[in-house]
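Visitor: Before I ask anything, let me first share the structure, which is written out below as structure tokens.
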Amino acid sequence: MSTDTRGLSTRTIHGTLSPDPATGAILTPIYQTTTYVQEAVGVHKGFTYSRAQNPSVSALENVLGSLEEAPTLCFSTGMAAITTLFLSILKQGDHAIISDVVYGGTVRLFRQVLEGVGVRVSFVDTSDAHAVATAIEPQTKVVFIETPANPTLKLTDIAAVAAVTRKAGVLLAVDNTFLTAALQPVFELGADISVLSTTKYIEGHNATVGGSLATKDEALLERFRLVRKTIGCIQSPLESWLTQRGLKTLSMRLERHTQNAQAVATWLENHPTVARVFYPGLRSFPQYELACRQHAAHGGMLSFEVTGGTPAALALMNSVKLCALAENLGAAETLITHPATMTHADIPPATRVQLGIPDGLIRLSVGLEDPADIIADLELALAKAEKIQAAVAVAS
Amino acid sequence: MKIDTKLVQTVGCPGDPHRAVCTPIYQTATFEQEGALEFSEYDYSRSGNPTRAVLEQQLAELEHGIRAFAFASGLAAITAVTRLLKPGDEILVIDDVYGGTCRLFSKILKQSQIGVRYVHGSSVEDFAREFSERTRLVHIETPTNPLLKIVDIAGLAKVAHEHGALLCVDNTMLSPYVQNPLVLGADIVIHSATKFLCGHSDVVAGAVVVRDEKLAEDLYLIQNGEGAVLGPFDSYLLLRGIKTLGIRMERQQTNAGQIASYLSQHPLVRRVYYPSLLDKKSFAIHARQARGNGAVVGFETGSLETSRQVAESLKLFPITVSFGGLQSSVSLPGRMSHASVPPQIAAQRQLPVDLVRLSIGIESADDLIADLAEALQTAEAVPELRASAG
């Protein structure tokens with residue numbers, strides 16, 4: 001795919017699509033069909049069966065591909081995309097390296113599914129490129145990183161890890177769900193594969209679940225296509241259409257998410273009940289310099305630690321009104337999550353602390369609301385948390 | 001709560017046991033009742049549907065009304081309002097009005113013996129002169145479509161009320177994010193929700209919002225009685241579109257402002273229509289009652305042929321009727337959206353035949369301007385080619 005000089009929002013609206021040839025409809029119709037009539041045996045227009053390909057899915061792939069600047073395939077969920085990725089690359093005896101702080105579903109896929117069929121994995125602190133180089137074995141086929149990581153926001157230097165993987169002849173896959181290609185162009189930084197849970201910022205309205213894989217490696221793309229068709233995890237026509245609809249406002253939404261998150265993070269940083277705030281756009285962020293080098297902007301995800309551990313965190317979580325207590329991220333509505341009891345509850349407490357997920361850590365997916373309203377909601381909830389914290393202090 | 005927050009924070013659906021963040025699509029015609037003589041809140045989706053109810057609540061709040069009604073199209077919404085009139089009543093309507101409204105008033109309402117009087121100017125005095133004892137409804141757009149004339153909503157509301165008439169404002173051109181006619185004294189607000197409210201060019205829908213309980217009751221009777229309601233799936237898509245109304249409007253207005261000033265400096269462009277470029281008096285009224293200038297920009301080139309060439313040379317602006325979507329588009333209103341205006345009214349309106357209407361989307365303004373520059377250059381070059389060939 002040649003370099004697209006058009007602005008971001010132009011690309012996410014138009015892709016390289018044309019109006020519907022039959023009617024001129026400005027949008028690609030929802031092709032809710034399983035199959036396609038062939039002109040003669042084996043003579044068709046590229047579509048045979050909707051498990052393999054569907055025009056509504058192709059339309060989404062076209063526009064998402066314009067954003068990624070690489071051919072893209074869409075899947076029924078982010079995990080379906082990740083499963084396809086690993087099944088396409090790894091066979092029995094092969095080895096993968098994965099960031100130690102990574103979405104729990106990716107850990108589960110290895111621990112409970114892939115290890116059972118003889119695939120090995122090492123979880124490595126990929127923020128240290130030397131650690132990645134040391135972990136590479138002769139059987140290592142892929143390094144899979146998530147940056148910023150969920151929920152600590154720890155960054156991996158993509159270019160540094162890409163230098164290591166390229167030298168070793170290993171593929172580098174980046175889960176770019178937190179920022180998307182709009183804010184973090186992973187291919188420019190040296191990645192071979194971009195992975196997205198489109199459920200998050202790409203669709204952006206809490207309305208669909210979906211995933212995608214993009215790569216410029218044609219052979220690998222064909223392999224992804226074959227595996228997707230074989231295991232049957234393509235995105236559905238209606239969900240593809242809804243995702244494409246969400247994608248149209250991506251660049252504007254990310255601008256607002258970033259402005260709001262920066263405002264909320266700055267406010268939290270000055271609050272006495274908040275011990276630490278993790279947001280790549282804060283000067284206090286441990287990898288601020290890397291963040292500025294690697295991100296066009298820092299997105300809408302932040303986490304913060306309240307003093308007073310789980311009781312204080314739960315008091316805050318149960319007091320918020322505007323922020324919804326829910327396990328998604330990247331949507332118009334602000335969502336709040338307590339990793340220790342929700343997304344990362346499976347991890348033993350000692351390991352959690354080691355990974356930088358203390359009991360008082362709260363993850364916030366900052367939405368598109370007026371930032372003053374989000375801050376007002378947190379202010380009231382933090383006051384409740386403060387009372388609990390004081391009570392805990394007295395009791396101990 | 002500020003409007004940016006209100007746009008995002010719709011409740012999923014009251015009473016939903018799963019508390020889905022997104023409003024569920026209740027794609028059902030009918031609802032099981034408690035018993036033969038005990039009825040639930042909903043019985044039949046024409047009379048009420050939970051998905052539509054969430055949308056109607058959100059529309060009412062955005063327009064600062066007490067109740068809203070969602071219809072199958074903008075014209076279905078306007079039709080419902082005209083049902084408030086009885087034979088012999090009369091409507092005063094600004095003559096620079098959407099072509100479909102004009103067709104409804106001139107060709108359909110006539111059959112019900114409802115009189116229509118078109119007002120050529122846009123000042124309150126122009127309207128005041130036209131009232132009669134039969135006037136029951138005043139229907140305006142401001143800015144108008146497509147010439148962007150401005151009407152003083154508060155001033156006209158006062159005069160209409162003195163004459164015992166209702167003021168209905170079609171707020172489609174600006175959306176509730178930019179202008180709230182009910183707050184300014186209007187009685188009824190109409191939307192073609194197809195435009196900015198939905199914003200994604202994928203739903204045809206209309207809305208009526210009112211601030212008076214009696215009027216709300218009358219309109220509910222009409223909505224349920226005639227049945228031109230919006231379906232559950234379209235209601236859901238509209239709710240989804242509304243979440244980004246604020247950020248879309250901000251970007252579209254910023255882009256439109258840049259494009260209007262670009263066009264106003266282009267030698268091939270004779271005249272540009274955009275609120276900020278209007279005469280001082282009109283713009284002062286507009287600035288007092290609205291929080292932005294919208295995203296519809298018109299311009300004249302001097303000839304229909306040049307306008308046609310410009311429209312056909314544009315690459316990022318598909319030639320389509322409708323406006324307000326996040327994708328830019330172009331039309332020649334005289335031949336498209338306003339072709340349904342009866343010739344006599346068209347003559348009175350003095351709609352320029354070479355008028356090009358742009359609906360500005362959220363693309364990069366640089367790309368849109370580059371596309372316009374190229375199309376204007378192509379159009380400019382053609383007469384020269386002809387001259388040299390001849």
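Convention: chains lettered A, B, ... in structure tokens order; per-chain residue numbering from 1; ligands numbered from 1 as shown.
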Need to verify the contact set: range 181-187 of chain B, 9 Å, only C-alpha atoms, exclusion of same-chain residues closer than 3 positions in sequence. Can you return it as a list in words?

Guide: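 Counting only the stated atoms, we get Glu63, His64, Gly65, Ile153, Ala154, Gly155, Leu156, Ala157, Lys158, Leu166, Leu167, Cys168, Val169, Asp170, Asn171, Pro176, Val209, Val210, Arg211, Asp212, Leu215 and Gln289 of chain B.
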
Visitor: Keeping only C-alpha atoms, write the selected residues as a compact mmCIF listing (two decimals), in the first residue's frame.

Guide:
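Result written to selection07.txt:
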# COMPACT_ATOMS: atom_id res chain seq x y z
CA GLU B 63 -33.92 21.14 23.06
CA HIS B 64 -34.97 22.16 26.60
CA GLY B 65 -38.51 20.97 25.92
CA ILE B 153 -36.76 33.96 16.86
CA ALA B 154 -37.58 35.85 20.08
CA GLY B 155 -39.01 38.85 18.18
CA LEU B 156 -41.12 36.70 15.90
CA ALA B 157 -42.35 34.55 18.81
CA LYS B 158 -43.67 37.67 20.51
CA LEU B 166 -47.77 29.14 17.40
CA LEU B 167 -44.17 29.58 16.28
CA CYS B 168 -42.56 26.47 14.85
CA VAL B 169 -38.82 26.57 14.12
CA ASP B 170 -37.16 24.00 11.91
CA ASN B 171 -33.79 23.79 13.70
CA PRO B 176 -29.71 21.67 19.38
CA VAL B 209 -40.10 18.95 20.49
CA VAL B 210 -42.48 21.12 22.55
CA ARG B 211 -42.49 22.86 25.91
CA ASP B 212 -46.23 22.89 26.62
CA LEU B 215 -49.45 20.72 22.88
CA GLN B 289 -29.53 33.43 19.30

Visitor: Could you pull out all residues of range 139-273 of chain B with a DSSP call of alpha helix (DSSP H) and give them as a PyMOL selection string?

Guide: chain B and resi 153-162+213-226+232-242+245-264

Visitor: Excluding range 244-250 of chain B and any residue of its chain fewer than 6 positions from it, enumerate the residues within 7 Å of it, using only C-alpha atoms, and give them as a list in words.

Guide: Met252 of chain A; Asp4, Tyr177, Leu197 and Ile362 of chain B

Visitor: Run DSSP on the backbone and tell me which residues of range 85-134 of chain B come out as strand (DSSP E); list them as number ranges by chain.

Guide: B: 90-94, 115-119

Visitor: CA of Val116 in chain B to CA of Ala70 in chain B: how many Å, to one decimal?

Guide: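 Distance between the two atoms: 25.2 Å.
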
Visitor: Just want the 12 Å neighbourhood of Ile374 in chain A, counted on only C-alpha atoms, with same-chain residues fewer than 4 positions away dropped. Output as JSON, numbers by chain.

Guide: {"A": [257, 260, 261, 263, 264, 265, 267, 268, 320, 321, 322, 323, 324, 333, 334, 335, 336, 364, 365, 366, 367, 368, 369, 370, 378, 379, 380, 381], "B": [1, 2, 4, 5, 6, 8, 9]}

Visitor: Would you save the residues of that selection, restricted to N, CA and C atoms, as an mmCIF file, in the first residue's frame?

Guide:
data_model
loop_
_atom_site.group_PDB
_atom_site.id
_atom_site.type_symbol
_atom_site.label_atom_id
_atom_site.label_comp_id
_atom_site.auth_asym_id
_atom_site.auth_seq_id
_atom_site.Cartn_x
_atom_site.Cartn_y
_atom_site.Cartn_z
ATOM 1 N N HIS A 257 -10.876 12.716 23.815
ATOM 2 C CA HIS A 257 -10.477 11.790 24.884
ATOM 3 C C HIS A 257 -9.152 12.259 25.494
ATOM 4 N N ASN A 260 -9.520 15.489 27.565
ATOM 5 C CA ASN A 260 -10.207 15.196 28.826
ATOM 6 C C ASN A 260 -9.296 14.428 29.784
ATOM 7 N N ALA A 261 -8.585 13.423 29.251
ATOM 8 C CA ALA A 261 -7.725 12.607 30.115
ATOM 9 C C ALA A 261 -6.611 13.463 30.706
ATOM 10 N N ALA A 263 -6.737 16.619 31.345
ATOM 11 C CA ALA A 263 -7.329 17.480 32.379
ATOM 12 C C ALA A 263 -7.602 16.696 33.658
ATOM 13 N N VAL A 264 -8.161 15.493 33.511
ATOM 14 C CA VAL A 264 -8.491 14.676 34.687
ATOM 15 C C VAL A 264 -7.205 14.227 35.387
ATOM 16 N N ALA A 265 -6.205 13.808 34.596
ATOM 17 C CA ALA A 265 -4.939 13.334 35.183
ATOM 18 C C ALA A 265 -4.270 14.456 35.973
ATOM 19 N N TRP A 267 -5.667 17.038 37.320
ATOM 20 C CA TRP A 267 -6.450 17.319 38.525
ATOM 21 C C TRP A 267 -6.184 16.258 39.597
ATOM 22 N N LEU A 268 -6.185 14.978 39.190
ATOM 23 C CA LEU A 268 -5.971 13.879 40.147
ATOM 24 C C LEU A 268 -4.603 13.983 40.825
ATOM 25 N N VAL A 320 -19.062 6.821 42.645
ATOM 26 C CA VAL A 320 -19.148 7.599 41.404
ATOM 27 C C VAL A 320 -20.551 7.469 40.808
ATOM 28 N N LYS A 321 -21.000 8.535 40.164
ATOM 29 C CA LYS A 321 -22.331 8.498 39.533
ATOM 30 C C LYS A 321 -22.224 8.601 38.018
ATOM 31 N N LEU A 322 -21.407 9.558 37.565
ATOM 32 C CA LEU A 322 -21.251 9.764 36.123
ATOM 33 C C LEU A 322 -20.401 8.640 35.533
ATOM 34 N N CYS A 323 -19.296 8.315 36.185
ATOM 35 C CA CYS A 323 -18.400 7.268 35.697
ATOM 36 C C CYS A 323 -19.094 5.924 35.907
ATOM 37 N N ALA A 324 -19.199 5.131 34.849
ATOM 38 C CA ALA A 324 -19.910 3.850 34.962
ATOM 39 C C ALA A 324 -18.935 2.755 35.345
ATOM 40 N N GLU A 333 -18.690 7.048 26.925
ATOM 41 C CA GLU A 333 -18.979 7.174 28.346
ATOM 42 C C GLU A 333 -17.730 6.886 29.165
ATOM 43 N N THR A 334 -17.490 7.653 30.213
ATOM 44 C CA THR A 334 -16.374 7.378 31.110
ATOM 45 C C THR A 334 -16.653 6.092 31.873
ATOM 46 N N LEU A 335 -15.685 5.182 31.856
ATOM 47 C CA LEU A 335 -15.841 3.906 32.542
ATOM 48 C C LEU A 335 -14.729 3.767 33.583
ATOM 49 N N ILE A 336 -15.084 3.207 34.724
ATOM 50 C CA ILE A 336 -14.125 3.082 35.818
ATOM 51 C C ILE A 336 -14.015 1.607 36.218
ATOM 52 N N LEU A 364 -9.181 4.299 34.678
ATOM 53 C CA LEU A 364 -10.239 5.171 34.187
ATOM 54 C C LEU A 364 -10.131 5.270 32.667
ATOM 55 N N SER A 365 -11.233 4.951 31.984
ATOM 56 C CA SER A 365 -11.301 5.202 30.553
ATOM 57 C C SER A 365 -12.073 6.512 30.426
ATOM 58 N N VAL A 366 -11.349 7.590 30.176
ATOM 59 C CA VAL A 366 -11.966 8.911 30.202
ATOM 60 C C VAL A 366 -12.789 9.105 28.933
ATOM 61 N N GLY A 367 -14.061 9.444 29.103
ATOM 62 C CA GLY A 367 -14.990 9.549 27.974
ATOM 63 C C GLY A 367 -14.998 10.921 27.330
ATOM 64 N N LEU A 368 -16.082 11.196 26.634
ATOM 65 C CA LEU A 368 -16.187 12.438 25.857
ATOM 66 C C LEU A 368 -17.003 13.504 26.578
ATOM 67 N N GLU A 369 -17.381 13.231 27.837
ATOM 68 C CA GLU A 369 -18.198 14.201 28.562
ATOM 69 C C GLU A 369 -17.433 15.506 28.757
ATOM 70 N N ASP A 370 -18.096 16.499 29.325
ATOM 71 C CA ASP A 370 -17.414 17.730 29.694
ATOM 72 C C ASP A 370 -16.466 17.381 30.843
ATOM 73 N N LEU A 378 -15.599 12.673 40.325
ATOM 74 C CA LEU A 378 -14.464 12.054 41.030
ATOM 75 C C LEU A 378 -14.206 12.754 42.360
ATOM 76 N N GLU A 379 -14.435 14.060 42.383
ATOM 77 C CA GLU A 379 -14.175 14.829 43.595
ATOM 78 C C GLU A 379 -15.073 14.337 44.737
ATOM 79 N N LEU A 380 -16.362 14.168 44.441
ATOM 80 C CA LEU A 380 -17.303 13.672 45.454
ATOM 81 C C LEU A 380 -16.925 12.260 45.895
ATOM 82 N N ALA A 381 -16.566 11.410 44.907
ATOM 83 C CA ALA A 381 -16.247 10.015 45.222
ATOM 84 C C ALA A 381 -14.952 9.926 46.024
ATOM 85 N N MET B 1 -25.487 19.973 34.468
ATOM 86 C CA MET B 1 -24.690 19.166 33.536
ATOM 87 C C MET B 1 -24.536 19.905 32.205
ATOM 88 N N LYS B 2 -23.321 19.954 31.705
ATOM 89 C CA LYS B 2 -23.060 20.671 30.459
ATOM 90 C C LYS B 2 -23.474 19.807 29.263
ATOM 91 N N ASP B 4 -22.024 18.808 26.543
ATOM 92 C CA ASP B 4 -21.121 17.739 26.091
ATOM 93 C C ASP B 4 -21.315 16.473 26.924
ATOM 94 N N THR B 5 -21.633 16.656 28.194
ATOM 95 C CA THR B 5 -21.862 15.507 29.071
ATOM 96 C C THR B 5 -23.231 14.894 28.795
ATOM 97 N N LYS B 6 -24.219 15.758 28.660
ATOM 98 C CA LYS B 6 -25.587 15.299 28.397
ATOM 99 C C LYS B 6 -25.671 14.447 27.121
ATOM 100 N N VAL B 8 -23.543 12.458 25.914
ATOM 101 C CA VAL B 8 -22.960 11.132 26.077
ATOM 102 C C VAL B 8 -23.750 10.293 27.072
ATOM 103 N N GLN B 9 -24.267 10.959 28.105
ATOM 104 C CA GLN B 9 -24.849 10.242 29.227
ATOM 105 C C GLN B 9 -26.335 9.943 29.049
#

Visitor: What are the closest atom pairs, with distances in Å to one decimal, for all residues of chain A lying within 10 Å of chain B? Consider only C-alpha atoms, order rows by chain and residue number, and present the result as JSON lines.

Guide:
{"residue": "A:Thr5", "atom": "CA", "partner": "B:Asp367", "partner_atom": "CA", "distance": 9.6}
{"residue": "A:Arg6", "atom": "CA", "partner": "B:Asp367", "partner_atom": "CA", "distance": 6.8}
{"residue": "A:Gly7", "atom": "CA", "partner": "B:Ser364", "partner_atom": "CA", "distance": 5.5}
{"residue": "A:Leu8", "atom": "CA", "partner": "B:Ser364", "partner_atom": "CA", "distance": 7.3}
{"residue": "A:Ser9", "atom": "CA", "partner": "B:Glu363", "partner_atom": "CA", "distance": 4.9}
{"residue": "A:Thr10", "atom": "CA", "partner": "B:Glu363", "partner_atom": "CA", "distance": 4.5}
{"residue": "A:Arg11", "atom": "CA", "partner": "B:Glu363", "partner_atom": "CA", "distance": 8.1}
{"residue": "A:Thr12", "atom": "CA", "partner": "B:Glu363", "partner_atom": "CA", "distance": 8.7}
{"residue": "A:Ile13", "atom": "CA", "partner": "B:Gln327", "partner_atom": "CA", "distance": 6.8}
{"residue": "A:His14", "atom": "CA", "partner": "B:Gln327", "partner_atom": "CA", "distance": 8.1}
{"residue": "A:Ser18", "atom": "CA", "partner": "B:Pro318", "partner_atom": "CA", "distance": 9.7}
{"residue": "A:Pro19", "atom": "CA", "partner": "B:Pro318", "partner_atom": "CA", "distance": 8.7}
{"residue": "A:Gly24", "atom": "CA", "partner": "B:Thr320", "partner_atom": "CA", "distance": 9.3}
{"residue": "A:Ala25", "atom": "CA", "partner": "B:Thr320", "partner_atom": "CA", "distance": 9.4}
{"residue": "A:Ile26", "atom": "CA", "partner": "B:Ser201", "partner_atom": "CA", "distance": 7.8}
{"residue": "A:Leu27", "atom": "CA", "partner": "B:Asp202", "partner_atom": "CA", "distance": 7.5}
{"residue": "A:Pro29", "atom": "CA", "partner": "B:Asp202", "partner_atom": "CA", "distance": 9.8}
{"residue": "A:His205", "atom": "CA", "partner": "B:Arg240", "partner_atom": "CA", "distance": 7.1}
{"residue": "A:Asn206", "atom": "CA", "partner": "B:Cys22", "partner_atom": "CA", "distance": 6.4}
{"residue": "A:Ala207", "atom": "CA", "partner": "B:Cys22", "partner_atom": "CA", "distance": 6.3}
{"residue": "A:Thr208", "atom": "CA", "partner": "B:Cys22", "partner_atom": "CA", "distance": 9.8}
{"residue": "A:Leu242", "atom": "CA", "partner": "B:Leu237", "partner_atom": "CA", "distance": 9.1}
{"residue": "A:Arg245", "atom": "CA", "partner": "B:His200", "partner_atom": "CA", "distance": 7.1}
{"residue": "A:Gly246", "atom": "CA", "partner": "B:Gly241", "partner_atom": "CA", "distance": 9.0}
{"residue": "A:Lys248", "atom": "CA", "partner": "B:Leu326", "partner_atom": "CA", "distance": 7.6}
{"residue": "A:Thr249", "atom": "CA", "partner": "B:Arg248", "partner_atom": "CA", "distance": 7.7}
{"residue": "A:Ser251", "atom": "CA", "partner": "B:Ile362", "partner_atom": "CA", "distance": 9.3}
{"residue": "A:Met252", "atom": "CA", "partner": "B:Ile247", "partner_atom": "CA", "distance": 6.6}
{"residue": "A:Arg253", "atom": "CA", "partner": "B:Ile247", "partner_atom": "CA", "distance": 7.3}
{"residue": "A:Glu255", "atom": "CA", "partner": "B:Ile247", "partner_atom": "CA", "distance": 9.4}
{"residue": "A:Arg256", "atom": "CA", "partner": "B:Ile247", "partner_atom": "CA", "distance": 7.7}
{"residue": "A:Leu322", "atom": "CA", "partner": "B:Gln9", "partner_atom": "CA", "distance": 7.8}
{"residue": "A:Cys323", "atom": "CA", "partner": "B:Gln9", "partner_atom": "CA", "distance": 9.6}
{"residue": "A:Ala324", "atom": "CA", "partner": "B:Val21", "partner_atom": "CA", "distance": 8.4}
{"residue": "A:Ala326", "atom": "CA", "partner": "B:Val21", "partner_atom": "CA", "distance": 8.7}
{"residue": "A:Ala331", "atom": "CA", "partner": "B:Val8", "partner_atom": "CA", "distance": 9.6}
{"residue": "A:Ala332", "atom": "CA", "partner": "B:Val8", "partner_atom": "CA", "distance": 6.1}
{"residue": "A:Glu333", "atom": "CA", "partner": "B:Val8", "partner_atom": "CA", "distance": 6.1}
{"residue": "A:Thr334", "atom": "CA", "partner": "B:Val8", "partner_atom": "CA", "distance": 9.1}
{"residue": "A:Gly367", "atom": "CA", "partner": "B:Val8", "partner_atom": "CA", "distance": 8.3}
{"residue": "A:Leu368", "atom": "CA", "partner": "B:Val8", "partner_atom": "CA", "distance": 6.9}
{"residue": "A:Glu369", "atom": "CA", "partner": "B:Thr5", "partner_atom": "CA", "distance": 3.9}
{"residue": "A:Asp370", "atom": "CA", "partner": "B:Thr5", "partner_atom": "CA", "distance": 5.0}
{"residue": "A:Pro371", "atom": "CA", "partner": "B:Thr5", "partner_atom": "CA", "distance": 8.3}
{"residue": "A:Ala372", "atom": "CA", "partner": "B:Lys2", "partner_atom": "CA", "distance": 8.6}
{"residue": "A:Asp373", "atom": "CA", "partner": "B:Met1", "partner_atom": "CA", "distance": 6.8}
{"residue": "A:Ile374", "atom": "CA", "partner": "B:Thr5", "partner_atom": "CA", "distance": 8.6}

Visitor: So, with only C-alpha atoms as the atoms that count, which of A:Thr106, A:Leu254, A:Asp377, A:Glu137 lies closest to Asn318 in chain A?

Guide: A:Asp377

Visitor: So how far away is CA of Cys74 in chain A from CA of Gln244 in chain A, in Å?

Guide: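 It comes out at 11.0 Å.
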
Visitor: Could you give me, as a ChimeraX atom specification, the residues within 8 Å of Gly232 in chain A, counting only C-alpha atoms and dropping anything in the same chain fewer than 4 positions from it?

Guide: /A:51-52,227-228

Visitor: Could you tell me how far CA of Arg363 in chain A sits from CA of Phe304 in chain A, in Å to one decimal place?

Guide: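 Between CA of Phe304 in chain A and CA of Arg363 in chain A the gap works out to 6.6 Å.
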
Visitor: Of the candidates A:Phe187, A:Phe224, A:Phe285, A:Tyr31, which shows the shortest atom-to-atom distance to Phe47 in chain A, using only C-alpha atoms?

Guide: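 Ranked by minimum distance to Phe47 in chain A, first place goes to A:Tyr31.
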
Visitor: Excluding same-chain residues fewer than 2 positions from Val107 in chain A, what lies within 12 Å of it counting only C-alpha atoms, as a list in words?

Guide: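 In the requested format, the answer is Met79, Ile82, Thr83, Ala96, Ile97, Ile98, Ser99, Asp100, Val101, Val102, Tyr103, Gly104, Gly105, Leu109, Phe110, Arg111, Gln112, Val113, Leu114, Glu115, Arg120, Val121, Ser122, Phe123, Phe144, Thr343, His344, Asp346 and Ile347 of chain A.
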